[in-house]
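These notes are about the structure you will find just below.
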Amino acid sequence: MTEDAYRAGFACFVGRPNAGKSTLTNAIIGQKIAITSNKPQTTRHVIRAVLHQENSQLVLVDTPGLHRPRTLLGERLNDLVRETWSEVDVIGVCFPADEPVGAGDRFISAEMAELKATVIAVVTKVDLVDPATLAKRLLAVSKLHDFADIVPVSAISGHQVETLVDVLTRHLPESPQLYPDDVLTEEPEQVLIGELIREAALEGVREELPHSIAVLVEEMLVEGKTTKIYANLFVERDSQKSIVIGTQGARLKDVGVRARAEIEALLDRKIYLDLHVRVAKEWQRDPKLLRRLGF
């Protein structure tokens with residue numbers, strides 16, 4: 001391996017739900033690509049973000065958190081994670097610094113033993129702990145697996161994010177560029193827009209809803225300087241529908257306002273957003289509906 005050769009390849013962050021994976025992806029790319037929410041299990045699509053540097057190209061693949069599945073959707077998400085792991089060059093296992101190493105972390109670290117990718121540990125959220133706690137976490141993490149590197153970071157304060165990028169890049173293979181210079185993500189616009197609407201809908205909703213909301217962007221029409229977007233939010237029960245709509249439609253209106261601002265920033269143009277809430281009974285267990293909703 002020559003020091004200054006061009007390197008390009010795929011990396012992904014894994015970890016239990018809420019370990020800070022999406023926030024880290026956003027911090028590295030410098031704009032909002034993966035959706036973030038403090039509700040676990042918000043990421044459902046494998047989102048690839050591309051970081052272009054002078055002599056490297058780092059393609060980040062975002063995976064859902066690995067968890068013990070309770071539904072067909074859960075099983076599909078786990079299959080998706082394992083499939084992604086088998087295709088990347090570097091894997092960063094995320095451990096939140098503000099929580100002790102637990103059974104979930106051990107489970108994921110054990111899964112790493114079989115893989116041919118280079119595996120590094122990323123201790124996230126270091127801005128939330130004191131140095132003594134951090135030292136204790138780093139020691140506990142180092143005992144879980146023979147990691148190629150261990151990097152403590154804070155996506156929120158930006159602490160060591162650059163270092164992490166250097167470490168990830170160092171472990172990539174020598175390779176020609178994989179994507180043209182102007183590509184930031186491979187996701188079709190409609191998927192990203194659906195994710196932004198979903199993020200807005202999750203904001204402030206009670207704990208029981210996170211898994212039950214899916215969004216389908218039905219159509220996008222460009223009219224002059226405005227893009228009209230028609231989207232459906234799917235929930236599983238009538239009671240959930242009334243939670244999402246809120247008193248006299250106030251919540252749904254709020255979701256629309258928040259999502260519209262994010263989508264306008266993404267597309268860099270004015271948008272008109274038309275949102276409807278529909279009930280699709282037990283969609284997480286129905287293979288036909290899962291397919292229609294893109295899983």
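The way I read the labels, and the way they are meant: chains A, B, ... in the order of the structure tokens, residue 1 as the first residue of every chain, and ligand 1 as the first ligand shown, with later ones counted on from there.
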Near Leu60 (chain A), counting only C-alpha atoms, which residues have an atom at most 7 Å away, once you skip same-chain residues fewer than 4 positions from it, shown as a list in words? Phe10, Ala11, Cys12, Arg48, Ala49 and Val50 of chain A
Those residues with C-alpha atoms, as a short mmCIF file (atom, residue, chain, number, x, y, z; two decimals), in the first residue's frame please?
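Ended up saving to part-v3.cif:
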```cif
data_model
loop_
_atom_site.label_atom_id
_atom_site.label_comp_id
_atom_site.auth_asym_id
_atom_site.auth_seq_id
_atom_site.Cartn_x
_atom_site.Cartn_y
_atom_site.Cartn_z
CA PHE A 10 -17.36 1.86 1.45
CA ALA A 11 -17.66 2.27 5.19
CA CYS A 12 -20.59 1.89 7.52
CA ARG A 48 -25.15 6.22 0.94
CA ALA A 49 -23.41 9.52 1.44
CA VAL A 50 -20.23 10.37 -0.43
#
```
Please give the complete set of residues from region 43-289 of chain A that DSSP, run on the backbone, assigns to strand (DSSP E), formatted as a PyMOL selection string. chain A and resi 47-53+56-62+90-96+118-124+150-152+214-223+226-235+270-279
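Each of A:Ile229, A:Val59, A:Leu77, A:Val88 was compared to Ile193 (chain A) using only C-alpha atoms, and A:Ile229 turns out to be the nearest.
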Could you give me, as a tab-separated table, a per-residue list for region 244-277 of chain A showing, wherever an atom lies at most 12 Å from an atom of region 237-240 of chain A, the closest pair of atoms and their distance in Å to one decimal, using only C-alpha atoms and sorting by chain then residue number from low to high?
```
residue	atom	partner	partner_atom	distance
A:Val244	CA	A:Gln240	CA	6.3
A:Ile245	CA	A:Gln240	CA	8.6
A:Gly246	CA	A:Gln240	CA	9.8
A:Val277	CA	A:Gln240	CA	9.6
```
I'd like to know which of A:Leu275, A:Leu172, A:Leu144, A:Leu138 is closest to Ala200 (chain A), using only C-alpha atoms.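 Smallest distance to Ala200 (chain A) is found for A:Leu275.
Counting from CA of His171 (chain A), the distance to CA of Thr25 (chain A) is 17.3 Å.
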Going by DSSP on the backbone, which residues of region 104-254 of chain A come out as alpha helix (DSSP H)? List them as an NGL selection string. :A and (104-112 or 131-142 or 161-170 or 189-202 or 238-245 or 250-254)
Pick from A:Glu282, A:Asp181, A:Asp62, A:Asp127: nearest to Ser157 (chain A), with only C-alpha atoms counted?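 Nearest to Ser157 (chain A): A:Asp127.
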Within 8 Å of Tyr230 (chain A), counting only C-alpha atoms, which residues show up once you throw out same-chain ones fewer than 3 positions away? Write them as a list in words, please.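 Near Tyr230 (chain A), the qualifying residues are Val217, Glu218, Glu219, Met220, Leu273, Asp274 and Leu275 of chain A.
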Just checking: using only C-alpha atoms, which residue out of A:Ala140, A:Val90, A:Leu134, A:Ile263 ends up closest to Arg106 (chain A)? A:Ala140
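Across A:Ala27, A:Leu72, A:Ile120, A:Val153, the tightest approach to Arg291 (chain A) is made by A:Leu72 when counting only C-alpha atoms.
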